[in-house]
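So this one's my_file-v8.csv, CSV, C-alpha atoms:
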chain,number,residue,atom,x,y,z
A,4,MET,CA,-23.1,11.1,-6.2
A,5,ASN,CA,-21.5,8.7,-8.8
A,6,VAL,CA,-17.9,8.0,-8.0
A,7,LEU,CA,-15.7,6.1,-10.4
A,8,ALA,CA,-12.4,4.7,-9.4
A,9,VAL,CA,-9.9,4.3,-12.3
A,10,LEU,CA,-7.0,2.3,-10.9
A,11,PRO,CA,-3.9,0.6,-12.4
A,12,ASP,CA,-4.6,-2.5,-10.3
A,13,THR,CA,-6.3,-3.7,-7.1
A,14,ASN,CA,-3.2,-4.3,-5.0
A,15,ALA,CA,-3.1,-3.9,-1.2
A,16,PRO,CA,-2.5,-0.1,-1.1
A,17,ASN,CA,-5.3,0.6,-3.5
A,18,GLN,CA,-7.6,-1.8,-1.5
A,19,ILE,CA,-6.8,0.0,1.7
A,20,ASN,CA,-6.7,3.6,0.5
A,21,VAL,CA,-9.5,3.6,-2.2
A,22,ILE,CA,-11.6,0.5,-2.8
A,23,ARG,CA,-12.6,-0.4,0.8
A,24,PRO,CA,-13.5,3.1,2.1
A,25,LEU,CA,-15.5,3.8,-1.1
A,26,THR,CA,-17.2,0.5,-0.9
A,27,TRP,CA,-18.0,1.3,2.7
A,28,LEU,CA,-19.7,4.5,1.6
A,29,HIS,CA,-21.5,2.8,-1.2
A,30,GLU,CA,-22.9,0.1,1.1
A,31,ARG,CA,-24.3,2.8,3.3
A,32,GLY,CA,-26.0,4.7,0.5
A,33,GLU,CA,-23.7,7.8,0.7
A,34,ILE,CA,-22.4,7.3,-2.9
A,35,ALA,CA,-22.8,5.1,-5.9
A,36,PHE,CA,-19.4,3.6,-6.4
A,37,THR,CA,-18.0,1.8,-9.5
A,38,LEU,CA,-14.5,0.3,-9.8
A,39,THR,CA,-12.7,-0.1,-13.1
A,40,LEU,CA,-9.1,-0.5,-14.2
A,41,GLU,CA,-7.2,1.8,-16.6
A,42,ASN,CA,-7.2,-0.9,-19.3
A,43,THR,CA,-11.0,-1.5,-19.2
A,44,VAL,CA,-12.5,2.0,-18.5
A,45,THR,CA,-14.8,3.4,-21.2
A,46,PRO,CA,-15.5,7.0,-22.2
A,47,ALA,CA,-19.2,6.4,-21.2
A,48,GLN,CA,-18.1,5.5,-17.7
A,49,VAL,CA,-16.0,8.6,-17.4
A,50,ILE,CA,-18.7,11.1,-18.4
A,51,SER,CA,-21.3,9.4,-16.1
A,52,ALA,CA,-19.1,10.0,-13.1
A,53,ASP,CA,-19.4,13.0,-10.7
A,54,VAL,CA,-15.9,12.4,-9.3
A,55,ILE,CA,-13.1,10.1,-10.4
A,56,ALA,CA,-10.8,8.6,-7.9
A,57,ALA,CA,-7.3,7.7,-9.1
A,58,ALA,CA,-4.3,6.2,-7.3
A,59,ARG,CA,-0.7,5.6,-8.4
A,60,ASN,CA,-1.8,6.3,-12.0
A,61,VAL,CA,1.4,7.1,-13.9
A,62,GLU,CA,1.1,5.4,-17.3
A,63,PRO,CA,1.0,8.1,-20.0
A,64,ILE,CA,-1.0,6.1,-22.5
A,65,TYR,CA,-4.0,6.4,-20.2
A,66,ARG,CA,-3.9,10.2,-20.1
A,67,PRO,CA,-6.8,10.6,-22.5
A,68,VAL,CA,-9.0,9.0,-19.7
A,69,PHE,CA,-8.2,12.0,-17.4
A,70,ASP,CA,-8.2,14.5,-20.3
A,71,LEU,CA,-11.8,13.6,-21.0
A,72,ALA,CA,-12.7,14.0,-17.4
A,73,HIS,CA,-11.1,17.5,-17.2
A,74,GLU,CA,-12.7,18.5,-20.5
A,75,ARG,CA,-16.1,17.6,-19.3
A,76,GLY,CA,-15.7,19.3,-15.9
A,77,ILE,CA,-15.4,16.1,-13.8
A,78,SER,CA,-13.0,16.4,-10.9
A,79,VAL,CA,-10.2,13.9,-10.3
A,80,ILE,CA,-9.0,13.0,-6.8
A,81,TYR,CA,-5.5,11.5,-6.8
A,82,VAL,CA,-4.4,9.3,-4.0
A,83,LEU,CA,-0.6,9.0,-3.4
A,84,ASP,CA,0.8,6.8,-0.7
A,85,ASP,CA,4.4,6.7,-1.9
A,86,TRP,CA,6.8,9.4,-3.2
A,87,LEU,CA,6.8,8.0,-6.8
A,88,LEU,CA,9.0,10.9,-8.0
A,89,GLY,CA,11.8,9.9,-5.6
A,90,VAL,CA,12.1,6.1,-5.8
A,91,PRO,CA,15.7,5.1,-4.9
A,92,GLU,CA,17.9,3.6,-7.5
A,93,ASP,CA,18.3,0.4,-5.5
A,94,ASP,CA,14.5,-0.1,-5.3
A,95,GLU,CA,13.2,-2.4,-8.1
A,96,SER,CA,10.2,-0.1,-8.7
A,97,THR,CA,12.6,2.6,-10.0
A,98,HIS,CA,12.6,0.7,-13.3
A,99,TYR,CA,9.0,1.6,-13.7
A,100,TYR,CA,8.4,4.8,-11.8
A,101,GLY,CA,11.8,6.3,-12.6
A,102,THR,CA,11.2,6.6,-16.4
A,103,GLU,CA,10.9,10.1,-17.7
A,104,LYS,CA,7.5,9.6,-19.3
A,105,ARG,CA,6.0,8.1,-16.1
A,106,ARG,CA,7.5,10.8,-13.9
A,107,ALA,CA,6.0,13.5,-16.2
A,108,GLN,CA,2.6,11.8,-16.0
A,109,CYS,CA,2.7,11.6,-12.2
A,110,GLU,CA,3.6,15.3,-12.0
A,111,TRP,CA,0.7,16.1,-14.4
A,112,MET,CA,-1.7,14.1,-12.2
A,113,LEU,CA,-0.5,16.0,-9.2
A,114,ARG,CA,-0.9,19.4,-10.8
A,115,THR,CA,-4.3,18.8,-12.4
A,116,ALA,CA,-6.1,16.8,-9.6
A,117,ALA,CA,-8.8,18.7,-7.8
A,118,ARG,CA,-7.4,17.2,-4.6
A,119,VAL,CA,-4.4,14.9,-3.7
A,120,ARG,CA,-4.9,12.6,-0.7
A,121,VAL,CA,-1.8,11.6,1.3
A,122,HIS,CA,-1.2,9.7,4.5
A,123,SER,CA,2.1,11.1,5.7
A,124,PRO,CA,3.1,14.6,6.8
A,125,HIS,CA,6.4,14.2,5.0
A,126,LEU,CA,4.7,13.3,1.7
A,127,ARG,CA,2.4,16.3,2.1
A,128,GLU,CA,5.4,18.6,2.1
A,129,LEU,CA,6.9,16.8,-1.0
A,130,VAL,CA,3.6,17.3,-2.9
A,131,ARG,CA,3.2,21.0,-2.0
A,132,PRO,CA,5.3,22.3,-5.0
A,133,TYR,CA,2.7,20.7,-7.3
A,134,THR,CA,-0.6,21.7,-5.6
A,135,ASP,CA,-2.1,23.3,-2.5
A,136,SER,CA,-5.2,21.1,-2.6
A,137,ILE,CA,-3.9,18.3,-0.3
A,138,THR,CA,-5.8,16.2,2.3
A,139,LEU,CA,-3.6,14.6,5.0
A,140,THR,CA,-5.6,11.7,6.3
A,141,THR,CA,-5.1,8.5,8.3
A,142,ALA,CA,-5.9,5.2,6.6
A,143,ALA,CA,-8.0,2.6,8.3
A,144,VAL,CA,-7.9,-1.0,9.3
A,145,ASP,CA,-10.7,-3.0,7.8
A,146,TRP,CA,-11.9,-4.5,11.0
A,147,SER,CA,-14.4,-6.6,9.2
A,148,LEU,CA,-11.4,-8.8,8.2
A,149,ILE,CA,-9.9,-9.0,11.8
A,150,PRO,CA,-10.9,-11.5,14.5
A,151,PRO,CA,-12.6,-9.6,17.3
A,152,LYS,CA,-10.2,-11.0,19.9
A,153,LEU,CA,-6.4,-11.1,19.8
A,154,PRO,CA,-5.1,-14.6,19.1
A,155,GLU,CA,-3.5,-16.4,22.0
A,156,LEU,CA,0.3,-16.7,21.8
A,157,GLY,CA,2.0,-20.0,22.0
A,158,GLU,CA,5.0,-20.9,24.1
A,159,ARG,CA,7.3,-20.2,21.2
A,160,THR,CA,7.7,-16.5,20.2
A,161,GLU,CA,6.6,-16.1,16.6
A,162,ILE,CA,8.4,-13.2,14.9
A,163,VAL,CA,7.1,-11.9,11.5
A,164,TYR,CA,8.3,-9.6,8.7
A,165,ALA,CA,5.6,-9.0,6.1
A,166,THR,CA,5.9,-7.0,2.9
A,167,GLY,CA,4.4,-6.8,-0.6
A,168,ARG,CA,7.9,-6.4,-2.1
A,169,LEU,CA,9.4,-9.6,-3.5
A,170,HIS,CA,12.9,-8.0,-3.4
A,171,ASP,CA,13.2,-6.2,-0.1
A,172,ARG,CA,16.3,-4.2,1.1
A,173,LEU,CA,14.8,-2.8,4.3
A,174,ILE,CA,15.2,-6.1,6.3
A,175,ALA,CA,18.8,-6.8,5.0
A,176,PRO,CA,20.7,-4.8,7.6
A,177,ILE,CA,19.1,-6.8,10.5
A,178,LEU,CA,19.3,-10.3,9.1
A,179,PRO,CA,22.4,-11.0,11.3
A,180,VAL,CA,20.3,-10.1,14.3
A,181,ILE,CA,17.6,-12.6,13.3
A,182,ARG,CA,20.3,-15.3,12.9
A,183,ARG,CA,21.7,-14.5,16.3
A,184,ILE,CA,18.2,-14.5,17.9
A,185,LEU,CA,17.3,-17.9,16.5
A,186,ALA,CA,20.7,-19.3,17.6
A,187,ASP,CA,20.4,-17.8,21.1
A,188,TYR,CA,16.8,-18.9,21.7
A,189,PRO,CA,16.6,-22.4,20.1
A,190,GLY,CA,13.0,-23.7,20.3
A,191,ARG,CA,11.8,-20.5,21.8
A,192,ALA,CA,11.6,-18.3,18.7
A,193,ARG,CA,10.7,-18.7,15.1
A,194,MET,CA,10.9,-16.3,12.2
A,195,HIS,CA,8.3,-15.9,9.5
A,196,PHE,CA,8.9,-14.0,6.2
A,197,LEU,CA,5.8,-13.2,4.3
A,198,GLY,CA,6.1,-11.9,0.8
A,199,PHE,CA,9.9,-11.5,0.7
A,200,HIS,CA,12.1,-14.6,1.1
A,201,PRO,CA,15.7,-13.6,1.8
A,202,PRO,CA,18.1,-16.0,0.2
A,203,GLU,CA,20.5,-15.8,3.1
A,204,LEU,CA,18.0,-17.6,5.4
A,205,ARG,CA,16.5,-20.2,3.1
A,206,GLY,CA,17.0,-23.6,4.6
A,207,ALA,CA,17.8,-22.1,8.0
A,208,PRO,CA,16.1,-23.8,11.0
A,209,GLU,CA,13.2,-22.0,12.6
A,210,VAL,CA,12.7,-19.9,9.5
A,211,VAL,CA,9.3,-20.1,7.7
A,212,PHE,CA,8.5,-18.5,4.3
A,213,GLY,CA,5.0,-17.9,2.9
A,214,GLY,CA,2.2,-15.4,2.9
A,215,ASP,CA,1.1,-14.5,-0.7
A,216,THR,CA,0.0,-10.9,-0.2
A,217,ALA,CA,-1.8,-10.6,-3.6
A,218,ASP,CA,-5.3,-11.4,-2.1
A,219,TYR,CA,-5.5,-8.6,0.4
A,220,ALA,CA,-8.6,-9.8,2.3
A,221,ALA,CA,-7.4,-13.4,2.5
A,222,PHE,CA,-3.9,-12.2,3.6
A,223,MET,CA,-5.3,-10.0,6.4
A,224,ARG,CA,-7.6,-12.7,7.8
A,225,ALA,CA,-4.7,-15.2,7.9
A,226,PHE,CA,-2.2,-12.6,9.2
A,227,THR,CA,-4.3,-11.4,12.1
A,228,SER,CA,-5.2,-14.9,13.2
A,229,ALA,CA,-1.8,-16.4,13.1
A,230,GLY,CA,-0.6,-15.5,16.7
A,231,TYR,CA,2.5,-13.5,15.8
A,232,ALA,CA,4.1,-12.0,18.9
A,233,ILE,CA,6.6,-9.7,17.4
A,234,GLY,CA,6.6,-7.7,14.1
A,235,LEU,CA,9.8,-6.2,12.6
A,236,ALA,CA,9.7,-2.8,10.8
A,237,PRO,CA,13.1,-1.5,9.9
A,238,MET,CA,13.0,1.7,7.8
A,239,ARG,CA,15.3,4.1,6.0
A,240,ARG,CA,15.3,7.8,6.6
A,241,ASP,CA,15.3,9.2,3.0
A,242,ASP,CA,12.4,11.1,1.5
A,243,PHE,CA,11.0,8.1,-0.3
A,244,HIS,CA,10.8,6.0,2.8
A,245,LEU,CA,9.7,8.7,5.2
A,246,ALA,CA,6.9,9.5,2.8
A,247,LYS,CA,5.4,6.1,3.3
A,248,THR,CA,2.4,5.3,5.6
A,249,ASN,CA,2.5,3.6,8.9
A,250,THR,CA,0.9,0.4,7.5
A,251,LYS,CA,3.3,-1.8,9.5
A,252,PHE,CA,2.0,-0.3,12.7
A,253,ARG,CA,-1.6,-0.7,11.8
A,254,ASP,CA,-1.2,-4.3,10.6
A,255,TYR,CA,1.0,-5.5,13.5
A,256,ALA,CA,-1.3,-3.8,16.0
A,257,ALA,CA,-4.4,-5.5,14.5
A,258,ALA,CA,-2.6,-8.9,14.5
A,259,GLY,CA,-1.5,-8.5,18.2
A,260,ALA,CA,2.2,-8.4,17.3
A,261,VAL,CA,4.4,-6.0,19.2
A,262,GLY,CA,6.1,-4.0,16.5
A,263,ILE,CA,9.7,-3.0,16.7
A,264,TYR,CA,10.2,0.1,14.5
A,265,THR,CA,13.1,2.2,13.4
A,266,ASP,CA,12.9,5.4,15.4
A,267,CYS,CA,12.0,7.9,12.7
A,268,ALA,CA,9.3,10.4,11.8
A,269,LEU,CA,7.3,7.8,9.9
A,270,TYR,CA,6.3,6.0,13.2
A,271,ALA,CA,6.7,8.8,15.7
A,272,GLY,CA,3.1,9.8,15.4
A,273,SER,CA,1.6,6.4,16.2
A,274,VAL,CA,4.2,4.5,18.2
A,275,GLN,CA,4.7,5.4,21.8
A,276,HIS,CA,7.8,3.7,23.0
A,277,ASP,CA,7.2,0.8,25.3
A,278,VAL,CA,3.5,1.5,25.2
A,279,THR,CA,2.2,0.7,21.7
A,280,GLY,CA,5.5,-0.6,20.3
A,281,LEU,CA,9.3,-0.3,20.5
A,282,LEU,CA,11.4,2.4,18.7
A,283,VAL,CA,15.0,1.5,18.2
A,284,ASP,CA,18.2,3.0,16.7
A,285,ASP,CA,19.8,1.7,13.6
A,286,THR,CA,22.3,-0.6,15.4
A,287,LEU,CA,22.4,-4.3,15.5
A,288,GLU,CA,22.7,-4.3,19.3
A,289,ALA,CA,19.6,-2.1,19.6
A,290,TRP,CA,17.6,-4.5,17.4
A,291,TYR,CA,18.9,-7.6,19.2
A,292,GLY,CA,18.1,-6.1,22.6
A,293,ALA,CA,14.6,-5.1,21.6
A,294,ILE,CA,13.7,-8.6,20.3
A,295,ALA,CA,15.4,-10.5,23.1
A,296,GLY,CA,13.8,-8.3,25.7
A,297,LEU,CA,10.3,-9.2,24.5
A,298,ILE,CA,11.2,-12.9,24.3
A,299,GLU,CA,12.4,-12.8,27.9
A,300,ASP,CA,9.6,-10.7,29.3
A,301,ARG,CA,6.2,-12.2,28.2
A,302,ALA,CA,4.3,-9.9,30.6
A,303,ARG,CA,5.7,-6.8,28.9
A,304,LEU,CA,5.0,-8.3,25.5
A,305,GLU,CA,1.4,-8.9,26.4
A,306,ARG,CA,1.0,-5.4,27.8
A,307,ILE,CA,2.3,-3.7,24.7
A,308,ARG,CA,0.4,-5.9,22.2
A,309,ARG,CA,-2.9,-5.2,23.9
A,310,ALA,CA,-2.2,-1.5,24.2
A,311,ALA,CA,-1.3,-1.3,20.5
A,312,ARG,CA,-4.5,-3.2,19.5
A,313,ALA,CA,-6.6,-0.8,21.6
A,314,TYR,CA,-4.9,2.2,20.0
A,315,ALA,CA,-5.5,0.9,16.5
A,316,GLU,CA,-9.1,0.1,17.2
A,317,ALA,CA,-9.6,3.7,18.4
A,318,HIS,CA,-7.7,5.6,15.8
A,319,TYR,CA,-8.0,3.6,12.5
A,320,THR,CA,-11.7,3.1,12.0
A,321,MET,CA,-13.2,2.7,8.6
A,322,GLU,CA,-15.9,5.1,9.5
A,323,ALA,CA,-13.5,8.0,10.2
A,324,PHE,CA,-11.5,7.2,7.0
A,325,ALA,CA,-14.7,7.1,4.9
A,326,VAL,CA,-15.9,10.4,6.4
A,327,SER,CA,-12.7,12.0,5.2
A,328,TRP,CA,-13.2,10.5,1.8
A,329,LEU,CA,-16.8,11.7,1.7
A,330,ALA,CA,-15.8,15.3,2.6
A,331,ASP,CA,-13.3,15.4,-0.3
A,332,LEU,CA,-15.8,13.9,-2.7
A,333,LYS,CA,-18.5,16.4,-1.9
A,334,ALA,CA,-16.1,19.3,-2.2
A,335,ALA,CA,-14.9,18.0,-5.6
A,336,VAL,CA,-18.3,17.8,-7.3
A,337,ARG,CA,-18.7,20.5,-9.9
A,338,PRO,CA,-21.9,21.9,-11.4
A,339,ASN,CA,-22.6,21.9,-15.1
A,340,VAL,CA,-20.8,18.8,-16.1
A,341,ASP,CA,-20.9,18.1,-19.8
A,342,ARG,CA,-22.7,14.8,-20.2
A,343,ARG,CA,-22.9,14.7,-24.0
A,344,ALA,CA,-22.4,11.2,-25.4
A,345,PRO,CA,-18.8,10.4,-26.1
A,346,GLN,CA,-17.6,10.2,-29.7
A,347,ILE,CA,-16.1,6.7,-29.3
A,348,GLU,CA,-17.3,3.7,-27.5
A,349,ARG,CA,-13.8,2.5,-26.4
A,350,TRP,CA,-10.2,3.8,-26.4
A,351,TRP,CA,-7.8,1.8,-28.5
A,352,PHE,CA,-5.5,1.3,-25.4
A,353,THR,CA,-8.3,0.0,-23.1
A,354,GLN,CA,-8.6,-3.4,-24.4
A,355,PRO,CA,-9.2,-5.9,-21.6
A,356,GLU,CA,-6.3,-8.3,-21.1
A,357,THR,CA,-6.4,-12.0,-20.3
A,358,PRO,CA,-7.0,-12.4,-16.5
A,359,VAL,CA,-4.0,-13.9,-14.7
A,360,SER,CA,-4.2,-15.6,-11.4
A,361,ALA,CA,-2.5,-14.1,-8.3
A,362,GLY,CA,-0.2,-17.1,-8.0
A,363,LEU,CA,1.0,-16.7,-11.6
A,364,ARG,CA,1.6,-13.0,-11.1
A,365,THR,CA,3.7,-13.7,-8.0
A,366,TRP,CA,5.7,-16.3,-9.9
A,367,TYR,CA,6.3,-13.9,-12.7
A,368,ARG,CA,7.5,-11.2,-10.4
A,369,ARG,CA,9.9,-13.6,-8.7
A,370,ALA,CA,11.2,-15.1,-11.9
A,371,VAL,CA,11.6,-12.1,-14.1
A,372,PRO,CA,13.7,-9.1,-13.1
A,373,ALA,CA,11.9,-5.8,-12.7
A,374,LYS,CA,13.7,-4.0,-15.5
A,375,MET,CA,12.8,-6.8,-17.9
A,376,ARG,CA,9.2,-6.8,-16.8
A,377,VAL,CA,8.9,-3.1,-17.5
A,378,GLY,CA,10.6,-3.5,-20.9
A,379,LEU,CA,8.1,-6.3,-21.9
A,380,ARG,CA,5.2,-4.1,-20.8
A,381,ASP,CA,6.5,-1.2,-23.0
A,382,VAL,CA,7.0,-3.6,-26.0
A,383,ARG,CA,3.4,-4.8,-25.5
A,384,MET,CA,2.0,-1.3,-25.6
A,385,ALA,CA,4.2,-0.4,-28.6
A,386,LEU,CA,2.7,-3.3,-30.5
A,387,ARG,CA,-0.7,-2.1,-29.6
A,388,ARG,CA,0.1,1.3,-31.1
A,389,LEU,CA,1.5,-0.3,-34.2
A,390,ARG,CA,-1.7,-2.5,-34.7
A,391,ARG,CA,-3.8,0.6,-34.3
A,392,ARG,CA,-1.9,2.5,-36.9
A,393,ARG,CA,-2.1,-0.4,-39.4
A,394,GLY,CA,-5.8,-0.8,-38.6

Could you write out this structure as structure tokens?
Amino acid sequence: MNVLAVLPDTNAPNQINVIRPLTWLHERGEIAFTLTLENTVTPAQVISADVIAAARNVEPIYRPVFDLAHERGISVIYVLDDWLLGVPEDDESTHYYGTEKRRAQCEWMLRTAARVRVHSPHLRELVRPYTDSITLTTAAVDWSLIPPKLPELGERTEIVYATGRLHDRLIAPILPVIRRILADYPGRARMHFLGFHPPELRGAPEVVFGGDTADYAAFMRAFTSAGYAIGLAPMRRDDFHLAKTNTKFRDYAAAGAVGIYTDCALYAGSVQHDVTGLLVDDTLEAWYGAIAGLIEDRARLERIRRAARAYAEAHYTMEAFAVSWLADLKAAVRPNVDRRAPQIERWWFTQPETPVSAGLRTWYRRAVPAKMRVGLRDVRMALRRLRRRRG
């Protein structure tokens, strides 16, 4: 079975949800897997596939890629790990996903896909108006990237908040708690922000910034070896946030950090309070008490971190995740696919762009506001269209 992944990028969600499980199946001879991006895929690649995997594809200029697949009888499996049709106005990604044309493309992908894969019961219900072909599955931890033993903890309690968002609003409500913890436990606690660097705490003692999350494999190796004791996971309770996956729980458990999570449906299925993590109400006192309690009681912290790791090792295996993928792939394969040679060698809009380093991309995201980045992208695509018409 030839499986072609056509993705917008190779960011962490696409690594976790698509690339790594399909690579796992490829390495074991279950499928022949090829990865390409929207801006490099060719018609020949599309018609040679038995199934196409897509994820977060919302750019309408690439619709002919999927039109060709549907015309030739090739199924598309669409992976959705965020409610892209409900991005809040205060989230920077709303400038991209909130445009009418990209919303329409996302809805079209949902309606035309042979199957939509989601990782949250809440997201499954949001997707139901568009399709009944939904697979609810549990994503995996790539244990090949994780040290086999939990890192030992130092005398100082290392607290971490990790995110791929460079402008994060989830952590903002509990920044006063972090300040208070560091003031009340001088020399006993240190805060690490990975990805997002809140301006309010820059220059504060016992606050460390770092952790470029662009290289997923390198990030996970470093993250799970660092010896973090506590991981923070505040969450909102709107549709967009409750439709997310429990990535924080999987990552913190793999790293041996006791996660402190907002008590909400997103984490209720994996976090057993005081067993595999702590569930807290949305009050500053609740957050302070949870963090301080773990700092004060090292035996409790050790008990929970080891239980969380054991739970993650049992429930988030790549094998189980890949088996779920394989079942969907086999069910999606159609007979009598039209393999006639394509009329064109390459689409006008799939011209490879100049590779940009992960560090430069991170700098660009930090330096240029999201609305401006989206505008520049739209101008670039408009210029391509103009050159095509003139050519």

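Of the listed residues A:Arg131, A:Arg376, A:Arg191, A:Arg182, the one whose atoms come nearest to Leu204 in chain A is A:Arg182, with distances taken using all atoms listed in the file.
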
The distance between CA of Gly167 in chain A and CA of Tyr219 in chain A is 10.1 Å

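Between CA of Arg118 in chain A and CA of Thr248 in chain A there is a distance of 18.5 Å.
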
Can you pull out every residue within 12 Å of Val130 in chain A, counting all atoms listed in the file, but drop anything in the same chain fewer than 3 positions away, and send it as a VMD selection string?
chain A and resid 81 to 89 109 to 114 116 118 to 127 133 to 139 242 246

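Each of A:Pro16, A:Gly190, A:Gly280, A:Pro208 was checked against Tyr255 in chain A using all atoms listed in the file; the smallest atom-to-atom distance is that of A:Gly280.
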
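Note that the spacing between CA of Asp277 in chain A and CA of Ala302 in chain A amounts to 12.3 Å.
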
Requested in this report: With a distance cut-off of 10 Å and only C-alpha atoms, select the neighbouring residues of Pro150 in chain A, excluding the residue or stretch itself and same-chain residues fewer than 4 positions from it, and output the selection as a ChimeraX atom specification.
Outcome: /A:146,154,223-225,227-228,257-258

Those same residues - C-alpha atoms - I'd like them written as a PDB file, in the frame of the given file.
ATOM      1  CA  TRP A 146     -11.900  -4.500  11.000  1.00  0.00           C
ATOM      2  CA  PRO A 154      -5.100 -14.600  19.100  1.00  0.00           C
ATOM      3  CA  MET A 223      -5.300 -10.000   6.400  1.00  0.00           C
ATOM      4  CA  ARG A 224      -7.600 -12.700   7.800  1.00  0.00           C
ATOM      5  CA  ALA A 225      -4.700 -15.200   7.900  1.00  0.00           C
ATOM      6  CA  THR A 227      -4.300 -11.400  12.100  1.00  0.00           C
ATOM      7  CA  SER A 228      -5.200 -14.900  13.200  1.00  0.00           C
ATOM      8  CA  ALA A 257      -4.400  -5.500  14.500  1.00  0.00           C
ATOM      9  CA  ALA A 258      -2.600  -8.900  14.500  1.00  0.00           C
TER      10      ALA A 258
END

Mind dumping a table of every range 293-358 of chain A residue within 10 Å of range 40-59 of chain A, with the nearest atom pair and its distance in Å to one decimal, using all atoms listed in the file, sorted by chain and rising number, as a Markdown table?
| residue | atom | partner | partner_atom | distance |
| --- | --- | --- | --- | --- |
| A:Asp331 | CA | A:Val54 | CA | 9.8 |
| A:Leu332 | CA | A:Val54 | CA | 6.8 |
| A:Lys333 | CA | A:Val54 | CA | 8.8 |
| A:Ala334 | CA | A:Val54 | CA | 9.9 |
| A:Ala335 | CA | A:Val54 | CA | 6.8 |
| A:Val336 | CA | A:Asp53 | CA | 6.0 |
| A:Arg337 | CA | A:Asp53 | CA | 7.6 |
| A:Pro338 | CA | A:Asp53 | CA | 9.3 |
| A:Val340 | CA | A:Asp53 | CA | 8.0 |
| A:Asp341 | CA | A:Ile50 | CA | 7.5 |
| A:Arg342 | CA | A:Ile50 | CA | 5.7 |
| A:Arg343 | CA | A:Ile50 | CA | 7.9 |
| A:Ala344 | CA | A:Ala47 | CA | 7.1 |
| A:Pro345 | CA | A:Pro46 | CA | 6.1 |
| A:Gln346 | CA | A:Pro46 | CA | 8.4 |
| A:Ile347 | CA | A:Pro46 | CA | 7.1 |
| A:Glu348 | CA | A:Pro46 | CA | 6.5 |
| A:Arg349 | CA | A:Thr45 | CA | 5.4 |
| A:Trp350 | CA | A:Thr45 | CA | 7.0 |
| A:Trp351 | CA | A:Asn42 | CA | 9.6 |
| A:Phe352 | CA | A:Asn42 | CA | 6.7 |
| A:Thr353 | CA | A:Asn42 | CA | 4.1 |
| A:Gln354 | CA | A:Asn42 | CA | 5.8 |
| A:Pro355 | CA | A:Thr43 | CA | 5.3 |
| A:Glu356 | CA | A:Asn42 | CA | 7.7 |

Please rebuild range 293-306 of chain A with N, CA and C atoms and return the result as a short mmCIF file (atom, residue, chain, number, x, y, z; two decimals), in the coordinates of the input.
data_model
loop_
_atom_site.label_atom_id
_atom_site.label_comp_id
_atom_site.auth_asym_id
_atom_site.auth_seq_id
_atom_site.Cartn_x
_atom_site.Cartn_y
_atom_site.Cartn_z
N ALA A 293 16.02 -5.31 21.65
CA ALA A 293 14.60 -5.10 21.60
C ALA A 293 13.87 -6.48 21.45
N ILE A 294 14.37 -7.29 20.52
CA ILE A 294 13.70 -8.60 20.30
C ILE A 294 13.92 -9.52 21.47
N ALA A 295 15.16 -9.60 21.94
CA ALA A 295 15.40 -10.50 23.10
C ALA A 295 14.67 -10.06 24.32
N GLY A 296 14.54 -8.76 24.54
CA GLY A 296 13.80 -8.30 25.70
C GLY A 296 12.37 -8.73 25.71
N LEU A 297 11.73 -8.74 24.55
CA LEU A 297 10.30 -9.20 24.50
C LEU A 297 10.22 -10.69 24.64
N ILE A 298 11.18 -11.43 24.10
CA ILE A 298 11.20 -12.90 24.30
C ILE A 298 11.29 -13.23 25.77
N GLU A 299 12.15 -12.50 26.47
CA GLU A 299 12.40 -12.80 27.90
C GLU A 299 11.28 -12.33 28.80
N ASP A 300 10.57 -11.30 28.41
CA ASP A 300 9.60 -10.70 29.30
C ASP A 300 8.18 -10.81 28.65
N ARG A 301 7.52 -11.95 28.86
CA ARG A 301 6.20 -12.20 28.20
C ARG A 301 5.15 -11.23 28.77
N ALA A 302 5.25 -10.83 30.01
CA ALA A 302 4.30 -9.90 30.60
C ALA A 302 4.33 -8.54 29.86
N ARG A 303 5.54 -8.10 29.61
CA ARG A 303 5.70 -6.80 28.90
C ARG A 303 5.18 -6.94 27.47
N LEU A 304 5.48 -8.06 26.84
CA LEU A 304 5.00 -8.30 25.50
C LEU A 304 3.46 -8.23 25.45
N GLU A 305 2.82 -8.90 26.38
CA GLU A 305 1.40 -8.90 26.40
C GLU A 305 0.80 -7.51 26.66
N ARG A 306 1.44 -6.77 27.54
CA ARG A 306 1.00 -5.40 27.80
C ARG A 306 1.02 -4.53 26.59
#
